[in-house]
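S.K.: Got a structure for you, questions after.
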Amino acid sequence: MPVTYLKGVGPARAEALRRLGVTTAGDLLYHIPHRYEDASTISPIARLEVGMQGTVIGRVISKGVLPTRKGLRVFQAVLKDDSGMIEVGWPGQPYLDRTIEKGDVLLVSGAVRFFHGRQLQPREFVNLGDDDTGTAQGRVLAVYPATEGLSFKVIRGIIDAHLEGLLPLVTEYLPADVLRSARVPAIRDALRMVHRPTSMAEAMEGRSRLAYEELLFVQLLQQRAKSLARTGRLGIRFENRRDLTTKLREALPFTLTGAQVRVLREIFGDMCGEQRMQRLLQGDVGSGKTIVAVFAALLAMENGYQAAIMAPTELLAEQHFQSISRLLAPLAIEPILLTGSIKPKARREIASRLAEARPSLVVGTHALVQESSQFSRLGLAVVDEQHRFGVEQRKALSAKGESPDVLLMSATPIPRSLALTLYGDLDLSLLDERPPGRQPITTALRPESTRDRVLEFVVREVAKGRQAYVVYPVIEESEKTDLKAATTMFELLSAGAFRELRTALLHGRLPSDEKDALMRRFRDGDIDVLIATTVIEVGIDVPNATVMLVEHPERFGLSQLHQLRGRVGRGGEQSWCVLLGDVSPITRQRLEIFAGTEDGFEIARADLDLRGMGDLFGERQSGVPTFRVADPLRDEQLNVLARDAAVRMLEKDPDLEAPEHAPLKRVMGERYARSLELFRVG
Ligand code: ADP
Ligand code: MG
């Protein structure tokens with residue numbers, strides 16, 4: 001029933017609840033706290049000491065907005081409890097003045113600093129309204145996602161009033177054996193536990209059930225998609241003739257790593273099987289994905305088919321073309337390059353070559369998927385840096401020819417459990433070993449006070465004949481932040497420390513042909529220092545570049561820093577990654593994790609742990625429903641259980657038609673109406 005039928009919910013509150021996605025009484029039950037404050041950890045204000053982290057509850061006895069010298073406005077409040085008073089300051093959040101009233105009771109946790117006396121720097125806070133301090137103490141306080149005009153306190157009140165009435169109306173929808181195997185509580189218990197826990201442990205137990213069911217639903221959808229894709233997709237059955245592939249193996253200047261051999265076995269297994277390959281190859285920067293793609297291409301070619309490798313930029317396509325040409329020279333195979341800037345005449349020639357049913361290997365950009373590019377016998381489609389393509393472009397390539405095998409490649413290493421959730425409908429291969437003989441890159445954190453020395457170091461490296469990148473988080477300066485920006489720093493550096501050097505500015509607002517032209521000049525050694533934003537992140541290979549200098553490292557995710565660092569250390573020379581700037585102690589810890597390892601998976605995991613999943617899911621294009629409670633990374637164990645349960649259920653009941661699955665199917669339908677189409681097809 002609509003929430004408006006509930007006592008205490010009038011039109012205004014109903015409207016605010018709707019903004020939170022709550023329109024029915026059922027939604028309200030599933031509007032679960034996004035965090036808890038454990039009141040047993042609250043300390044008296046008088047006990048807070050400079051340097052420590054603490055949580056306090058106090059009443060606002062005065063407040064106001066103060067300007068600072070930098071023009072930033074700070075909301076300040078003085079909190080008082082029975083033991084004493086402390087000042088709390090929220091820089092850059094003057095709007096809090098409208099929501100926090102004198103007399104309100106706040107729960108605040110954060111670090112205690114010295115700033116004209118003790119000051120609490122809030123990491124987070126909860127406005128308990130005019131609650132009397134006593135009530136929040138002695139139990140776990142549930143904090144709900146709130147919205148303008150509807151405080152978490154009011155939400156808590158509404159839930160308090162109706163929880164007991166609504167719970168008996170909830171019936172279990174997960175099969176009993178599934179619940180048992182996951183060892184999570186039944187739904188009614190779980191909902192009570194998350195809304196009104198008597199301890200943190202209980203709250204977490206309730207949460208685990210809700211996380212599990214989300215993971216289970218997603219796994220059911222993914223597994224279903226996977227099996228539909230399987231049955232409907234007979235592919236080409238290649239034969240491993242050991243002709244071209246063996247020749248390449250013999251001609252290679254190095255031996256394949258164990259991981260490359262394993263991954264190739266997986267890929268060849270797919271290609272020689274009768275189903276169509278849909279495989280994702282994950283491997284850190286420099287793990288040697290290209291050669292894997294080339295072997296796969298040769299398998300297609302020795303069977304008389306064509307193969308295509310698609311890269312996200314012209315520059316990358318050219319780079320692949322050159323390195324693949326070198327690799328295949330001993331076999332007397334010349335790949336074809338197809339990009340947007342190939343002249344019409346050459347393009348027509350390429351078109352006629354592709355129209356012949358002769359084996360060939362084409363390397364290119366999305367020009368490959370344009371209508372004019374017709375393949376007569378495309379047997380393998382490889383998409384490099386697949387996350388840079390839209391779903392449409394990836395599909396367009398695999399739609400060329402008659403169901404070619406598809407290999408997607410990605411340099412964003414994410415933990416397997418997460419990959420299985422995001423890409424559950426693909427098979428996964430992992431290149432988790434680096435080719436030997438790589439020089440380690442020295443990574444250093446340097447404070448602002450060493451700026452001159454760091455810049456001199458860059459100048460010295462250039463004097464030795466090397467090249468450098470300097471990266472900034474933003475293109476232009478703005479009033480809201482005081483970040484150094486690529487554009488201004490380009491001017492400053494070109495006129496200052498780097499005035500003797502050839503510098504250039506590269507950022508994402510340049511048209512892509514200009515970007516490519518600049519990168520080409522850098523690659524050809526016509527530019528010494530490239531001052532840039534993160535546009536240089538992807539796959540570019542300039543072995544002569546030995547310095548990656550990153551300013552405002554605090555503004556980058558660790559995985560992003562890892563991609564940036566991967567731009568150097570590609571030649572035989574010692575390389576450096578320097579993170580320049582004064583950072584907070586917390587950021588410093590984070591950056592030290594990065595400085596301490598070159599293992600992309602380790603970094604990705606640390607990054608996700610620190611940042612949360614938000615960014616990842618924000619960007620994804622895989623069509624996975626967003627998680628509200630679950631976190632596939634933190635809930636790795638639950639995710640594994642959920643996947644196993646999903647596979648078991650679908651084995652017995654592929655369409656989820658059995659009566660015992662009806663309640664589950666109904667709930668899934670409510671949550672993921674569109675995805676549920678998968679179960680209607682069969
Ligand atoms: P990425 O996985 O980032 O695309 P590449 O395929 O560009 O990596 O490979 C990086 C470099 O490592 C290339 O110069 C390639 O020739 C080299 N390489 C690949 N495999 C091996 C190997 N088994 N032994 C030595 N070098 C290798
Ligand atoms: Mg690559």
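Identifiers for the structure tokens are assigned positionally: chains receive A, B, ... in sequence, residues are indexed from 1 per chain, and ligands are indexed from 1 in the order shown.
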Give me the residues within 8 Å of stretch 73-76 of chain A as a list in words, counting only C-alpha atoms and dropping any in the same chain fewer than 3 places off.

M.R.: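 Skipping anything fewer than 3 positions along the chain leaves Lys63, Gly64, Val65, Leu66, Pro67, Thr68, Glu87, Val88, Gly89, Trp90, Pro91, Gly92, Gln93, Pro94, Tyr95, Leu96 and Asp97 of chain A.
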
S.K.: Sorted by chain and rising residue number, which residues of stretch 149-185 of chain A lie within 10 Å of stretch 192-216 of chain A, and what are their closest atom pairs and distances in Å to one decimal, counting only C-alpha atoms, as JSON lines?

M.R.:
```
{"residue": "A:Arg156", "atom": "CA", "partner": "A:His195", "partner_atom": "CA", "distance": 8.7}
{"residue": "A:Ile159", "atom": "CA", "partner": "A:His195", "partner_atom": "CA", "distance": 8.1}
{"residue": "A:Asp160", "atom": "CA", "partner": "A:His195", "partner_atom": "CA", "distance": 8.5}
{"residue": "A:Leu163", "atom": "CA", "partner": "A:Arg192", "partner_atom": "CA", "distance": 7.8}
{"residue": "A:Glu164", "atom": "CA", "partner": "A:Arg192", "partner_atom": "CA", "distance": 8.7}
{"residue": "A:Leu167", "atom": "CA", "partner": "A:Arg192", "partner_atom": "CA", "distance": 7.8}
{"residue": "A:Tyr173", "atom": "CA", "partner": "A:Glu213", "partner_atom": "CA", "distance": 9.8}
{"residue": "A:Leu174", "atom": "CA", "partner": "A:Glu213", "partner_atom": "CA", "distance": 8.0}
{"residue": "A:Val178", "atom": "CA", "partner": "A:Leu216", "partner_atom": "CA", "distance": 9.7}
{"residue": "A:Leu179", "atom": "CA", "partner": "A:Arg209", "partner_atom": "CA", "distance": 8.6}
{"residue": "A:Ala182", "atom": "CA", "partner": "A:Tyr212", "partner_atom": "CA", "distance": 7.9}
{"residue": "A:Arg183", "atom": "CA", "partner": "A:Arg209", "partner_atom": "CA", "distance": 8.5}
{"residue": "A:Val184", "atom": "CA", "partner": "A:Arg209", "partner_atom": "CA", "distance": 5.1}
{"residue": "A:Pro185", "atom": "CA", "partner": "A:Arg209", "partner_atom": "CA", "distance": 5.9}
```

S.K.: For A:Ala517, list every protein, DNA or RNA residue within 12 Å, evaluated using only C-alpha atoms, and leave out those in the same chain fewer than 3 positions away; present the list as a short mmCIF file (atom, residue, chain, number, x, y, z; two decimals) with N, CA, C and O atoms, in the first residue's frame.

M.R.:
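Everything below was put into out.cif:
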```
data_model
loop_
_atom_site.label_atom_id
_atom_site.label_comp_id
_atom_site.auth_asym_id
_atom_site.auth_seq_id
_atom_site.Cartn_x
_atom_site.Cartn_y
_atom_site.Cartn_z
N THR A 313 41.97 4.49 -29.86
CA THR A 313 42.44 5.71 -30.52
C THR A 313 43.29 5.35 -31.73
O THR A 313 43.82 4.25 -31.83
N GLU A 314 43.44 6.32 -32.63
CA GLU A 314 44.26 6.09 -33.82
C GLU A 314 45.69 5.77 -33.43
O GLU A 314 46.36 4.93 -34.01
N LEU A 315 46.14 6.47 -32.38
CA LEU A 315 47.51 6.30 -31.97
C LEU A 315 47.78 4.87 -31.49
O LEU A 315 48.77 4.24 -31.85
N SER A 341 41.72 8.09 -40.59
CA SER A 341 42.50 9.02 -41.40
C SER A 341 43.18 8.35 -42.60
O SER A 341 44.00 8.96 -43.27
N ALA A 504 54.76 20.77 -24.22
CA ALA A 504 53.48 20.83 -24.92
C ALA A 504 52.37 20.53 -23.93
O ALA A 504 52.59 19.90 -22.90
N LEU A 505 51.19 21.00 -24.26
CA LEU A 505 50.03 20.84 -23.39
C LEU A 505 49.02 19.90 -24.04
O LEU A 505 48.62 20.10 -25.19
N LEU A 506 48.61 18.90 -23.28
CA LEU A 506 47.67 17.91 -23.81
C LEU A 506 46.52 17.72 -22.83
O LEU A 506 46.75 17.44 -21.66
N LEU A 510 40.99 19.00 -26.27
CA LEU A 510 41.53 19.13 -27.62
C LEU A 510 40.81 18.13 -28.53
O LEU A 510 40.46 17.04 -28.08
N PRO A 511 40.62 18.49 -29.79
CA PRO A 511 40.03 17.52 -30.72
C PRO A 511 40.94 16.30 -30.83
O PRO A 511 42.16 16.41 -30.63
N SER A 512 40.36 15.13 -31.11
CA SER A 512 41.17 13.92 -30.99
C SER A 512 42.31 13.86 -32.01
O SER A 512 43.35 13.27 -31.73
N ASP A 513 42.14 14.50 -33.18
CA ASP A 513 43.27 14.46 -34.12
C ASP A 513 44.44 15.29 -33.59
O ASP A 513 45.60 14.93 -33.77
N GLU A 514 44.12 16.39 -32.86
CA GLU A 514 45.21 17.18 -32.27
C GLU A 514 45.91 16.40 -31.16
O GLU A 514 47.13 16.44 -31.02
N ARG A 520 52.00 11.82 -31.11
CA ARG A 520 52.94 11.35 -32.11
C ARG A 520 54.26 12.12 -32.01
O ARG A 520 55.33 11.53 -32.07
N ARG A 521 54.14 13.44 -31.83
CA ARG A 521 55.35 14.26 -31.71
C ARG A 521 56.14 13.88 -30.46
O ARG A 521 57.36 13.85 -30.46
N PHE A 522 55.40 13.56 -29.40
CA PHE A 522 56.07 13.14 -28.17
C PHE A 522 56.77 11.80 -28.41
O PHE A 522 57.94 11.61 -28.07
N ARG A 523 56.07 10.89 -29.05
CA ARG A 523 56.65 9.58 -29.34
C ARG A 523 57.89 9.71 -30.21
O ARG A 523 58.90 9.04 -30.01
N ASP A 524 57.84 10.64 -31.18
CA ASP A 524 58.98 10.81 -32.07
C ASP A 524 60.10 11.64 -31.46
O ASP A 524 61.09 11.94 -32.14
N ASP A 526 60.01 14.80 -30.41
CA ASP A 526 60.01 16.23 -30.71
C ASP A 526 59.53 17.08 -29.53
O ASP A 526 59.54 18.29 -29.59
N ILE A 527 59.05 16.42 -28.50
CA ILE A 527 58.62 17.12 -27.30
C ILE A 527 59.34 16.48 -26.12
O ILE A 527 59.44 15.25 -26.05
#
```

S.K.: Kindly work out which residues sit at most 7 Å from ligand 1, using only C-alpha atoms and all ligand atoms, and give the list as JSON, numbers by chain.

M.R.: {"A": [254, 255, 256, 257, 283, 284, 285, 286, 287, 288, 289, 290, 291, 411, 435, 436, 539]}

S.K.: Would you work out the distance separating atom CA of A:Val383 from atom CA of A:Leu678, expressed in Å to one decimal?

M.R.: 25.8 Å

S.K.: When you look at A:Leu234 with a cut-off of 10 Å (counting only C-alpha atoms), what residues show up, excluding the ones that are within fewer than 4 positions of it in the same chain? I need them as a PyMOL selection string.

M.R.: chain A and resi 229-230+273-277+403-405

S.K.: Given only C-alpha atoms as the basis, pick out the residue of A:Ser151, A:Asn303, A:Ser449, A:Ser429 nearest to A:Arg262.

M.R.: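 Checking each of A:Ser151, A:Asn303, A:Ser449, A:Ser429 against A:Arg262, counting only C-alpha atoms, the winner is A:Ser429.
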
S.K.: If we count only C-alpha atoms and set the cut-off at 10 Å, which residues sit around A:Pro553, ignoring sequence neighbours fewer than 6 positions away in its own chain? Please answer as a list of chain:residue names.

M.R.: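 The residues that qualify are A:Leu445, A:Val471, A:Tyr472, A:Pro473, A:Leu561, A:Val578, A:Leu579, A:Leu580, A:Gly581, A:Asp582, A:Val583, A:Thr587, A:Arg588, A:Leu591.
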
S.K.: Could you write out that same residue set with N, CA, C and O atoms as a CSV table (one decimal), in the first residue's frame?

M.R.:
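Generated output (out-v4.csv):
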```csv
chain,number,residue,atom,x,y,z
A,445,LEU,N,57.1,10.0,-2.9
A,445,LEU,CA,56.2,11.1,-2.5
A,445,LEU,C,57.1,12.2,-2.1
A,445,LEU,O,58.0,12.1,-1.3
A,471,VAL,N,51.5,15.6,-14.9
A,471,VAL,CA,50.0,15.4,-14.9
A,471,VAL,C,49.3,16.2,-13.9
A,471,VAL,O,49.8,16.2,-12.7
A,472,TYR,N,48.2,16.8,-14.2
A,472,TYR,CA,47.4,17.6,-13.3
A,472,TYR,C,46.0,17.1,-13.3
A,472,TYR,O,45.5,16.5,-14.3
A,473,PRO,N,45.3,17.3,-12.2
A,473,PRO,CA,43.9,16.8,-12.1
A,473,PRO,C,42.9,17.5,-12.9
A,473,PRO,O,41.9,17.0,-13.2
A,561,LEU,N,46.4,6.3,-10.7
A,561,LEU,CA,47.8,6.5,-10.6
A,561,LEU,C,48.6,5.4,-11.1
A,561,LEU,O,49.7,5.6,-11.8
A,578,VAL,N,56.9,10.3,-9.6
A,578,VAL,CA,57.0,11.3,-8.5
A,578,VAL,C,55.7,11.9,-8.2
A,578,VAL,O,55.0,12.5,-9.1
A,579,LEU,N,55.2,11.7,-6.9
A,579,LEU,CA,54.0,12.4,-6.5
A,579,LEU,C,54.3,13.6,-5.7
A,579,LEU,O,54.9,13.5,-4.7
A,580,LEU,N,54.0,14.8,-6.3
A,580,LEU,CA,54.4,16.0,-5.7
A,580,LEU,C,53.3,16.7,-5.0
A,580,LEU,O,52.2,17.0,-5.6
A,581,GLY,N,53.4,17.1,-3.7
A,581,GLY,CA,52.4,17.9,-3.0
A,581,GLY,C,52.4,17.6,-1.6
A,581,GLY,O,52.8,16.6,-1.1
A,582,ASP,N,51.8,18.5,-0.8
A,582,ASP,CA,51.6,18.3,0.6
A,582,ASP,C,50.2,17.6,0.8
A,582,ASP,O,49.2,18.1,0.3
A,583,VAL,N,50.2,16.5,1.4
A,583,VAL,CA,48.9,15.8,1.6
A,583,VAL,C,48.7,15.5,3.0
A,583,VAL,O,49.6,15.5,3.9
A,587,THR,N,45.8,10.6,3.4
A,587,THR,CA,46.1,10.5,2.0
A,587,THR,C,47.5,9.9,1.8
A,587,THR,O,47.8,9.1,1.0
A,588,ARG,N,48.4,10.3,2.7
A,588,ARG,CA,49.7,9.8,2.7
A,588,ARG,C,49.8,8.3,2.8
A,588,ARG,O,50.5,7.6,2.0
A,591,LEU,N,48.7,6.8,-0.4
A,591,LEU,CA,49.7,6.9,-1.5
A,591,LEU,C,50.9,6.0,-1.2
A,591,LEU,O,51.5,5.5,-2.1
```

S.K.: Could you tell me how far atom CA of A:Arg241 lies from atom CA of A:Ser410, in Å and to one decimal?

M.R.: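 Answer for the atom CA of A:Arg241 to atom CA of A:Ser410 separation: 28.1 Å.
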
S.K.: Assign secondary structure with DSSP using the backbone only, and return the residues of stretch 308-530 of chain A in strand (DSSP E) as an MDAnalysis selection string.

M.R.: chainID A and resid 308:310 336:338 361:364 378:383 405:410 427:431 441:446 467:471 503:506 529:530

S.K.: Pick out the closest residue to A:Ala14 from this set: A:Gln119, A:Thr147, A:Thr55, A:Ser559. Count only C-alpha atoms.

M.R.: A:Thr147

S.K.: So which one's closest to A:His31, A:Ala419, A:Leu17, A:Ala332, A:Ala355? Using only C-alpha atoms, please.

M.R.: A:Leu17

S.K.: As an NGL selection string, list the residues of stretch 482-636 of chain A assigned to helix (DSSP H, G or I) by DSSP on the backbone atoms of this structure.

M.R.: :A and (486-495 or 512-523 or 534-537 or 553-555 or 558-565 or 585-596 or 600-611 or 614-619 or 636)

S.K.: Here is a test: counting only C-alpha atoms, which residue of A:Arg242, A:His320, A:Arg326, A:Arg13 is nearest to A:Asp384?

M.R.: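 For A:Asp384, the nearest of the given residues is A:His320.
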
S.K.: Report the distance between atom CA of A:Val50 and atom CA of A:Gln121 in Å, rounded to one decimal place.

M.R.: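 Taking atom CA of A:Val50 as the start and atom CA of A:Gln121 as the end point, the length is 10.8 Å.
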
S.K.: Would you kindly return, as a PyMOL selection string, each protein, DNA or RNA residue with an atom no farther than 7 Å from any atom of A:Leu264, considering only C-alpha atoms and excluding same-chain residues fewer than 4 positions away?

M.R.: chain A and resi 260+268+292

S.K.: Restricting the output to C-alpha atoms, write the selected residues as a short mmCIF file (atom, residue, chain, number, x, y, z; two decimals), in the first residue's frame.

M.R.:
```cif
data_model
loop_
_atom_site.label_atom_id
_atom_site.label_comp_id
_atom_site.auth_asym_id
_atom_site.auth_seq_id
_atom_site.Cartn_x
_atom_site.Cartn_y
_atom_site.Cartn_z
CA GLN A 260 50.19 -16.21 -21.26
CA PHE A 268 42.16 -21.81 -28.03
CA VAL A 292 47.90 -13.16 -26.83
#
```
